file target-v4.cif (mmCIF, C-alpha atoms)
data_run
#
loop_
_atom_site.label_atom_id
_atom_site.label_comp_id
_atom_site.auth_asym_id
_atom_site.auth_seq_id
_atom_site.Cartn_x
_atom_site.Cartn_y
_atom_site.Cartn_z
CA MET M 1 4.23 -4.73 48.30
CA SER M 2 3.03 -3.56 44.90
CA ASP M 3 -0.09 -4.82 43.15
CA ASN M 4 2.17 -6.57 40.62
CA THR M 5 3.84 -8.52 43.42
CA TRP M 6 0.51 -9.68 44.82
CA SER M 7 -0.54 -10.62 41.28
CA GLU M 8 2.55 -12.81 40.96
CA VAL M 9 1.89 -14.44 44.33
CA ALA M 10 -1.69 -15.23 43.29
CA ARG M 11 -0.45 -16.64 39.97
CA LEU M 12 2.01 -18.91 41.79
CA ARG M 13 -0.73 -20.10 44.12
CA GLN M 14 -2.91 -20.78 41.09
CA GLY M 15 -0.14 -22.96 39.68
CA LEU M 16 0.21 -24.83 42.95
CA TYR M 17 -3.50 -25.62 43.14
CA ARG M 18 -3.47 -26.87 39.55
CA PHE M 19 -0.34 -28.92 40.24
CA PHE M 20 -1.89 -30.67 43.24
CA ALA M 21 -5.11 -31.27 41.30
CA ALA M 22 -3.12 -33.01 38.55
CA THR M 23 -1.30 -35.23 41.05
CA LEU M 24 -4.64 -36.48 42.38
CA LEU M 25 -5.98 -37.60 39.01
CA PRO M 26 -5.33 -41.13 37.69
CA PRO M 27 -1.68 -41.27 36.59
CA ASP M 28 -0.70 -41.70 32.96
CA THR M 29 2.41 -40.90 30.95
CA GLU M 30 1.19 -37.55 29.65
CA ARG M 31 -0.10 -36.40 33.03
CA LEU M 32 3.15 -37.35 34.77
CA ALA M 33 5.11 -35.31 32.24
CA GLY M 34 2.82 -32.37 32.96
CA VAL M 35 3.32 -32.78 36.72
CA VAL M 36 7.11 -32.73 36.30
CA ALA M 37 6.92 -29.62 34.09
CA GLY M 38 4.57 -27.95 36.55
CA ALA M 39 6.94 -28.61 39.44
CA GLN M 40 9.81 -27.07 37.50
CA TRP M 41 7.74 -23.95 36.76
CA ILE M 42 6.77 -23.59 40.41
CA ASP M 43 10.38 -24.00 41.56
CA ALA M 44 11.48 -21.30 39.12
CA ALA M 45 8.74 -18.97 40.37
CA GLY M 46 10.28 -18.67 43.83
CA ILE M 47 8.84 -21.31 46.12
CA GLU M 48 11.59 -20.76 48.69
CA ALA M 49 9.76 -17.74 50.11
CA PHE M 50 6.95 -19.96 51.41
CA ALA M 51 6.87 -21.84 54.70
CA PHE M 52 5.87 -25.11 53.03
CA ALA M 53 9.04 -25.22 50.90
CA GLY M 54 10.40 -28.16 52.92
CA PRO M 55 7.50 -30.56 52.26
CA TRP M 56 7.36 -29.26 48.68
CA HIS M 57 11.00 -30.19 48.05
CA ARG M 58 10.47 -33.63 49.57
CA LEU M 59 7.70 -34.14 47.03
CA THR M 60 9.65 -32.83 44.04
CA ALA M 61 12.62 -35.00 45.03
CA THR M 62 10.46 -38.03 44.27
CA LEU M 63 9.90 -36.65 40.76
CA GLY M 64 13.65 -36.83 40.16
CA LYS M 65 13.55 -40.59 40.67
CA PRO M 66 12.13 -43.22 38.33
CA LEU M 67 8.35 -43.34 38.70
CA PRO M 68 7.19 -46.72 37.35
CA LEU M 69 3.76 -46.03 35.95
CA HIS M 70 2.35 -49.43 36.88
CA GLN M 71 3.28 -48.90 40.53
CA LEU M 72 1.63 -45.49 40.60
CA GLU M 73 -1.48 -46.87 38.88
CA ASN M 74 -1.73 -49.75 41.34
CA ASP M 75 -1.32 -47.51 44.35
CA TYR M 76 -3.74 -44.93 42.99
CA VAL M 77 -6.46 -47.54 42.62
CA ARG M 78 -5.72 -49.05 46.04
CA LEU M 79 -5.77 -45.62 47.74
CA PHE M 80 -8.52 -43.70 45.99
CA VAL M 81 -10.84 -46.24 44.34
CA ALA M 82 -13.18 -48.60 46.17
CA ASN M 83 -11.93 -52.20 46.38
CA VAL M 84 -12.28 -55.21 48.67
CA GLU M 85 -10.59 -53.22 51.46
CA GLY M 86 -12.95 -50.30 50.97
CA THR M 87 -11.54 -46.92 49.97
CA LEU M 88 -8.45 -46.23 52.03
CA CYS M 89 -8.30 -42.50 51.18
CA PRO M 90 -11.66 -41.33 49.83
CA PRO M 91 -11.00 -38.29 47.61
CA ALA M 92 -14.32 -36.60 48.45
CA GLU M 93 -15.22 -34.15 51.20
CA SER M 94 -18.50 -35.88 51.99
CA SER M 95 -16.53 -38.89 53.25
CA TYR M 96 -15.00 -36.86 56.08
CA GLY M 97 -16.82 -35.57 59.12
CA ALA M 98 -20.30 -35.39 57.59
CA SER M 99 -23.27 -37.58 58.41
CA THR M 100 -25.43 -38.94 55.62
CA ASN M 101 -27.93 -36.17 56.34
CA ASP M 102 -25.21 -33.53 56.00
CA VAL M 103 -23.99 -34.65 52.56
CA PRO M 104 -26.70 -32.88 50.51
CA ALA M 105 -25.97 -29.63 52.36
CA VAL M 106 -22.23 -29.98 51.72
CA LEU M 107 -22.81 -30.58 48.02
CA ALA M 108 -25.30 -27.71 47.77
CA ASN M 109 -22.87 -25.32 49.48
CA LEU M 110 -20.12 -26.33 47.09
CA GLU M 111 -22.27 -25.89 44.00
CA LEU M 112 -23.32 -22.44 45.21
CA ALA M 113 -19.70 -21.45 45.78
CA TYR M 114 -18.78 -22.67 42.29
CA ARG M 115 -21.59 -20.74 40.63
CA VAL M 116 -20.76 -17.54 42.51
CA GLY M 117 -17.08 -18.01 41.71
CA GLY M 118 -17.73 -18.59 38.03
CA MET M 119 -16.97 -22.33 37.82
CA VAL M 120 -19.43 -25.10 37.03
CA SER M 121 -17.92 -28.21 38.58
CA SER M 122 -19.26 -30.77 36.12
CA ALA M 123 -18.01 -28.78 33.14
CA SER M 124 -14.62 -28.14 34.68
CA THR M 125 -13.55 -31.59 35.85
CA SER M 126 -16.37 -34.09 35.14
CA LEU M 127 -15.96 -35.12 38.78
CA PRO M 128 -18.29 -34.79 41.79
CA SER M 129 -18.49 -31.31 43.28
CA ASP M 130 -16.87 -32.47 46.52
CA HIS M 131 -13.98 -34.33 44.85
CA ILE M 132 -10.55 -33.10 45.92
CA VAL M 133 -9.62 -32.28 42.31
CA THR M 134 -12.75 -30.19 41.79
CA GLU M 135 -12.14 -28.22 44.97
CA LEU M 136 -8.48 -27.63 44.12
CA GLU M 137 -9.38 -26.52 40.59
CA PHE M 138 -11.90 -24.07 42.02
CA MET M 139 -9.23 -22.51 44.20
CA SER M 140 -7.02 -22.18 41.12
CA VAL M 141 -9.86 -20.31 39.38
CA LEU M 142 -10.18 -17.91 42.32
CA CYS M 143 -6.41 -17.31 42.38
CA GLU M 144 -6.47 -16.53 38.66
CA GLN M 145 -9.26 -14.02 39.24
CA GLU M 146 -7.35 -12.47 42.12
CA SER M 147 -4.18 -12.17 40.03
CA ARG M 148 -6.13 -10.45 37.27
CA ALA M 149 -7.70 -8.02 39.74
CA TRP M 150 -4.28 -6.99 41.06
CA THR M 151 -2.98 -6.58 37.51
CA GLU M 152 -5.92 -4.37 36.63
CA SER M 153 -5.33 -2.24 39.77
CA SER M 154 -8.63 -3.26 41.32
CA PRO M 155 -7.65 -3.85 44.97
CA ASP M 156 -11.26 -3.89 46.18
CA ASP M 157 -12.04 -6.73 43.79
CA ALA M 158 -8.85 -8.54 44.79
CA ILE M 159 -9.74 -8.29 48.49
CA SER M 160 -13.25 -9.58 47.78
CA ILE M 161 -11.78 -12.59 45.98
CA LEU M 162 -9.37 -13.16 48.87
CA ASP M 163 -12.45 -13.29 51.10
CA ASP M 164 -13.86 -16.03 48.86
CA GLU M 165 -10.57 -17.93 48.91
CA TRP M 166 -10.27 -17.83 52.69
CA SER M 167 -13.91 -18.80 53.14
CA PHE M 168 -13.57 -21.81 50.84
CA LEU M 169 -10.40 -22.97 52.58
CA HIS M 170 -11.99 -22.44 56.00
CA ARG M 171 -15.24 -24.23 55.20
CA HIS M 172 -14.01 -26.95 52.89
CA LEU M 173 -10.40 -27.84 52.04
CA GLY M 174 -9.04 -26.84 55.43
CA GLN M 175 -11.62 -29.04 57.15
CA TRP M 176 -10.88 -32.36 55.48
CA VAL M 177 -7.54 -32.28 53.64
CA PRO M 178 -5.59 -32.86 56.90
CA GLU M 179 -7.42 -36.16 57.46
CA LEU M 180 -7.05 -37.16 53.80
CA ALA M 181 -3.32 -36.43 53.98
CA LYS M 182 -2.98 -38.39 57.23
CA ARG M 183 -4.58 -41.45 55.69
CA LEU M 184 -2.53 -41.07 52.53
CA SER M 185 0.76 -40.80 54.40
CA VAL M 186 0.23 -44.11 56.25
CA SER M 187 -1.44 -46.04 53.42
CA SER M 188 0.74 -45.28 50.39
CA THR M 189 3.24 -47.87 49.21
CA VAL M 190 5.14 -45.51 46.88
CA ASP M 191 7.25 -42.52 47.89
CA PHE M 192 5.41 -40.15 45.57
CA TYR M 193 2.00 -40.40 47.26
CA ALA M 194 3.52 -40.40 50.75
CA ALA M 195 5.40 -37.18 49.97
CA LEU M 196 2.31 -35.75 48.25
CA ALA M 197 0.38 -36.11 51.50
CA GLY M 198 2.81 -33.93 53.43
CA ALA M 199 3.13 -31.29 50.72
CA LEU M 200 -0.62 -30.99 50.15
CA ALA M 201 -1.44 -30.68 53.84
CA ALA M 202 1.32 -28.10 54.38
CA PHE M 203 0.22 -26.03 51.37
CA VAL M 204 -3.47 -25.96 52.32
CA HIS M 205 -2.61 -25.02 55.90
CA HIS M 206 -0.22 -22.31 54.74
CA ASP M 207 -2.65 -20.88 52.19
CA HIS M 208 -5.44 -20.76 54.75
CA GLU M 209 -3.22 -18.65 56.98
CA LEU M 210 -1.85 -16.57 54.09
CA THR M 211 -5.29 -15.58 52.82
CA ARG M 212 -6.34 -14.66 56.36
CA GLN M 213 -3.33 -12.40 56.78
CA LEU M 214 -3.64 -10.85 53.32
CA ARG M 215 -7.31 -9.99 53.85
CA ARG M 216 -6.55 -8.32 57.15
CA GLY M 217 -3.42 -6.54 55.88
CA GLN M 218 -5.06 -5.20 52.74
CA ARG M 219 -8.04 -3.85 54.68
CA GLU M 220 -5.80 -2.14 57.20
CA GLU M 221 -3.81 -0.56 54.38
CA ALA M 222 -7.00 0.61 52.66
CA THR M 223 -8.10 2.49 55.79
CA ARG M 224 -4.85 4.44 56.22
#

call {"tool": "encode", "arguments": {"input": "target-v4.cif", "output": "structure tokens"}}
result
Amino acid sequence: MSDNTWSEVARLRQGLYRFFAATLLPPDTERLAGVVAGAQWIDAAGIEAFAFAGPWHRLTATLGKPLPLHQLENDYVRLFVANVEGTLCPPAESSYGASTNDVPAVLANLELAYRVGGMVSSASTSLPSDHIVTELEFMSVLCEQESRAWTESSPDDAISILDDEWSFLHRHLGQWVPELAKRLSVSSTVDFYAALAGALAAFVHHDHELTRQLRRGQREEATR
């Protein structure tokens, strides 16, 4: 494939990460309109070529139905915000698979990754560094950088950024998003969040594998 093609793939992946980040912020009328518009842009960009198209279409099908804002707001609070039941689906990495002693190391590793990748988490999202939205936004930043590198015919830079993408997925999102999605799928009371769980898990899994294959393929091509 040409560098322009890889640039387009990276740009689509950037849009997907930003889309999923938006869906995991508190719902309001303006944000929902942006989510619908984002889904339409992604569909037009050629999502059918990806293995997660099935779960993606199940999610976007819910956007074609009425989405009562009060129901989404109620479910968002019940799922992602602490209440008398606890937090059913904590939206932070440190809530999954890390002991209390491990949390500072997780946060320090994330902040280092953000600085190296050119994103300061607090300035970008005003959310904790291990929040799902912050991590998804960081991946969108890396995809944008990768797309630019391909456009500028800098394959070495693009491969280096792919290394960063794979590493972040391998060490962070790929480690805890499956459990978050599992909890979300069984705890949601609205179709939108249930479908979101499947689409998010499928996309993260697919992108983890895609970045692994792209890194390997691009290096093999460079040595020919």

call {"tool": "closest_atom_pairs", "arguments": {"input": "target-v4.cif", "of": "stretch 149-188 of chain M", "to": "stretch 10-29 of chain M", "cutoff": "10 Å", "atoms": "all atoms listed in the file", "output": "CSV"}}
result
residue,atom,partner,partner_atom,distance
M:Trp150,CA,M:Ala10,CA,8.9
M:Ala158,CA,M:Ala10,CA,9.9
M:Leu162,CA,M:Ala10,CA,9.7

call {"tool": "write_last_selection", "arguments": {"input": "target-v4.cif", "atoms": "C-alpha atoms", "output": "short mmCIF file (atom, residue, chain, number, x, y, z; two decimals), keeping the file's coordinate frame"}}
result
data_model
loop_
_atom_site.label_atom_id
_atom_site.label_comp_id
_atom_site.auth_asym_id
_atom_site.auth_seq_id
_atom_site.Cartn_x
_atom_site.Cartn_y
_atom_site.Cartn_z
CA TRP M 150 -4.28 -6.99 41.06
CA ALA M 158 -8.85 -8.54 44.79
CA LEU M 162 -9.37 -13.16 48.87
#

call {"tool": "closest_residue", "arguments": {"input": "target-v4.cif", "among": "M:Ala53, M:Ile159, M:Leu88, M:Leu59", "to": "M:Asp3", "atoms": "all atoms listed in the file"}}
result
M:Ile159

call {"tool": "residues_around", "arguments": {"input": "target-v4.cif", "residues": "M:Phe168", "least_positions_apart": "4", "cutoff": "8 Å", "atoms": "only C-alpha atoms", "output": "number ranges by chain"}}
result
M: 113, 139, 164, 172-173

call {"tool": "closest_residue", "arguments": {"input": "target-v4.cif", "among": "M:Ser160, M:Ser95, M:Gln145, M:Gln213", "to": "M:Ser7", "atoms": "only C-alpha atoms"}}
result
M:Gln145

call {"tool": "atom_distance", "arguments": {"input": "target-v4.cif", "atom1": "atom CA of M:Val9", "atom2": "atom CA of M:Lys65"}}
result
28.9 Å

call {"tool": "residues_around", "arguments": {"input": "target-v4.cif", "residues": "M:Gly97", "least_positions_apart": "4", "cutoff": "10 Å", "atoms": "all atoms listed in the file", "output": "ChimeraX atom specification"}}
result
/M:93,102-103,175-176,179

call {"tool": "atom_distance", "arguments": {"input": "target-v4.cif", "atom1": "atom CA of M:Lys182", "atom2": "atom CA of M:Ala197"}}
result
7.0 Å

call {"tool": "closest_residue", "arguments": {"input": "target-v4.cif", "among": "M:Ser129, M:Ser94, M:Ser153, M:Thr60", "to": "M:Ser2", "atoms": "all atoms listed in the file"}}
result
M:Ser153

call {"tool": "closest_residue", "arguments": {"input": "target-v4.cif", "among": "M:Val106, M:Ala82, M:Ala51, M:Ala37", "to": "M:Ala202", "atoms": "all atoms listed in the file"}}
result
M:Ala51

call {"tool": "closest_residue", "arguments": {"input": "target-v4.cif", "among": "M:Leu180, M:Val36, M:Val133, M:Leu200", "to": "M:Trp56", "atoms": "all atoms listed in the file"}}
result
M:Leu200

call {"tool": "resolve_selection", "arguments": {"input": "target-v4.cif", "expression": "the PyMOL selection byres ((chain M and resi 132) around 6)", "output": "list in words"}}
result
Pro91, Ala92, His131, Val133, Thr134 and Glu135 of chain M

call {"tool": "atom_distance", "arguments": {"input": "target-v4.cif", "atom1": "atom CA of M:Met119", "atom2": "atom CA of M:Phe138"}}
result
6.8 Å

call {"tool": "build_atoms", "arguments": {"input": "target-v4.cif", "residues": "stretch 173-188 of chain M", "atoms": "N, CA, C and O atoms", "output": "PDB file, in the coordinates of the input"}}
result
ATOM      1  N   LEU M 173     -11.689 -27.159  52.108  1.00  0.00           N
ATOM      2  CA  LEU M 173     -10.400 -27.840  52.040  1.00  0.00           C
ATOM      3  C   LEU M 173      -9.695 -27.917  53.394  1.00  0.00           C
ATOM      4  O   LEU M 173      -9.122 -28.955  53.745  1.00  0.00           O
ATOM      5  N   GLY M 174      -9.716 -26.837  54.141  1.00  0.00           N
ATOM      6  CA  GLY M 174      -9.040 -26.840  55.430  1.00  0.00           C
ATOM      7  C   GLY M 174      -9.660 -27.776  56.444  1.00  0.00           C
ATOM      8  O   GLY M 174      -9.008 -28.164  57.424  1.00  0.00           O
ATOM      9  N   GLN M 175     -10.915 -28.177  56.212  1.00  0.00           N
ATOM     10  CA  GLN M 175     -11.620 -29.040  57.150  1.00  0.00           C
ATOM     11  C   GLN M 175     -11.281 -30.521  56.957  1.00  0.00           C
ATOM     12  O   GLN M 175     -11.286 -31.287  57.926  1.00  0.00           O
ATOM     13  N   TRP M 176     -11.018 -30.919  55.692  1.00  0.00           N
ATOM     14  CA  TRP M 176     -10.880 -32.360  55.480  1.00  0.00           C
ATOM     15  C   TRP M 176      -9.569 -32.802  54.841  1.00  0.00           C
ATOM     16  O   TRP M 176      -9.195 -33.978  54.957  1.00  0.00           O
ATOM     17  N   VAL M 177      -8.822 -31.893  54.231  1.00  0.00           N
ATOM     18  CA  VAL M 177      -7.540 -32.280  53.640  1.00  0.00           C
ATOM     19  C   VAL M 177      -6.565 -32.821  54.695  1.00  0.00           C
ATOM     20  O   VAL M 177      -5.832 -33.781  54.403  1.00  0.00           O
ATOM     21  N   PRO M 178      -6.504 -32.272  55.916  1.00  0.00           N
ATOM     22  CA  PRO M 178      -5.590 -32.860  56.900  1.00  0.00           C
ATOM     23  C   PRO M 178      -5.841 -34.342  57.148  1.00  0.00           C
ATOM     24  O   PRO M 178      -4.897 -35.135  57.245  1.00  0.00           O
ATOM     25  N   GLU M 179      -7.112 -34.744  57.239  1.00  0.00           N
ATOM     26  CA  GLU M 179      -7.420 -36.160  57.460  1.00  0.00           C
ATOM     27  C   GLU M 179      -7.099 -36.993  56.222  1.00  0.00           C
ATOM     28  O   GLU M 179      -6.573 -38.110  56.335  1.00  0.00           O
ATOM     29  N   LEU M 180      -7.412 -36.463  55.037  1.00  0.00           N
ATOM     30  CA  LEU M 180      -7.050 -37.160  53.800  1.00  0.00           C
ATOM     31  C   LEU M 180      -5.549 -37.375  53.740  1.00  0.00           C
ATOM     32  O   LEU M 180      -5.070 -38.473  53.423  1.00  0.00           O
ATOM     33  N   ALA M 181      -4.781 -36.326  54.041  1.00  0.00           N
ATOM     34  CA  ALA M 181      -3.320 -36.430  53.980  1.00  0.00           C
ATOM     35  C   ALA M 181      -2.792 -37.424  55.016  1.00  0.00           C
ATOM     36  O   ALA M 181      -1.846 -38.173  54.738  1.00  0.00           O
ATOM     37  N   LYS M 182      -3.394 -37.441  56.190  1.00  0.00           N
ATOM     38  CA  LYS M 182      -2.980 -38.390  57.230  1.00  0.00           C
ATOM     39  C   LYS M 182      -3.167 -39.817  56.760  1.00  0.00           C
ATOM     40  O   LYS M 182      -2.270 -40.670  56.914  1.00  0.00           O
ATOM     41  N   ARG M 183      -4.321 -40.098  56.186  1.00  0.00           N
ATOM     42  CA  ARG M 183      -4.580 -41.450  55.690  1.00  0.00           C
ATOM     43  C   ARG M 183      -3.622 -41.797  54.550  1.00  0.00           C
ATOM     44  O   ARG M 183      -3.117 -42.922  54.464  1.00  0.00           O
ATOM     45  N   LEU M 184      -3.389 -40.832  53.682  1.00  0.00           N
ATOM     46  CA  LEU M 184      -2.530 -41.070  52.530  1.00  0.00           C
ATOM     47  C   LEU M 184      -1.099 -41.362  52.968  1.00  0.00           C
ATOM     48  O   LEU M 184      -0.429 -42.245  52.414  1.00  0.00           O
ATOM     49  N   SER M 185      -0.622 -40.642  53.968  1.00  0.00           N
ATOM     50  CA  SER M 185       0.760 -40.800  54.400  1.00  0.00           C
ATOM     51  C   SER M 185       1.031 -42.185  54.982  1.00  0.00           C
ATOM     52  O   SER M 185       2.138 -42.711  54.864  1.00  0.00           O
ATOM     53  N   VAL M 186       0.020 -42.793  55.622  1.00  0.00           N
ATOM     54  CA  VAL M 186       0.230 -44.110  56.250  1.00  0.00           C
ATOM     55  C   VAL M 186      -0.191 -45.259  55.344  1.00  0.00           C
ATOM     56  O   VAL M 186       0.160 -46.414  55.622  1.00  0.00           O
ATOM     57  N   SER M 187      -0.903 -44.973  54.259  1.00  0.00           N
ATOM     58  CA  SER M 187      -1.440 -46.040  53.420  1.00  0.00           C
ATOM     59  C   SER M 187      -0.677 -46.221  52.107  1.00  0.00           C
ATOM     60  O   SER M 187      -0.759 -47.283  51.490  1.00  0.00           O
ATOM     61  N   SER M 188       0.058 -45.202  51.677  1.00  0.00           N
ATOM     62  CA  SER M 188       0.740 -45.280  50.390  1.00  0.00           C
ATOM     63  C   SER M 188       1.892 -46.276  50.442  1.00  0.00           C
ATOM     64  O   SER M 188       2.583 -46.405  51.458  1.00  0.00           O
TER      65      SER M 188
END
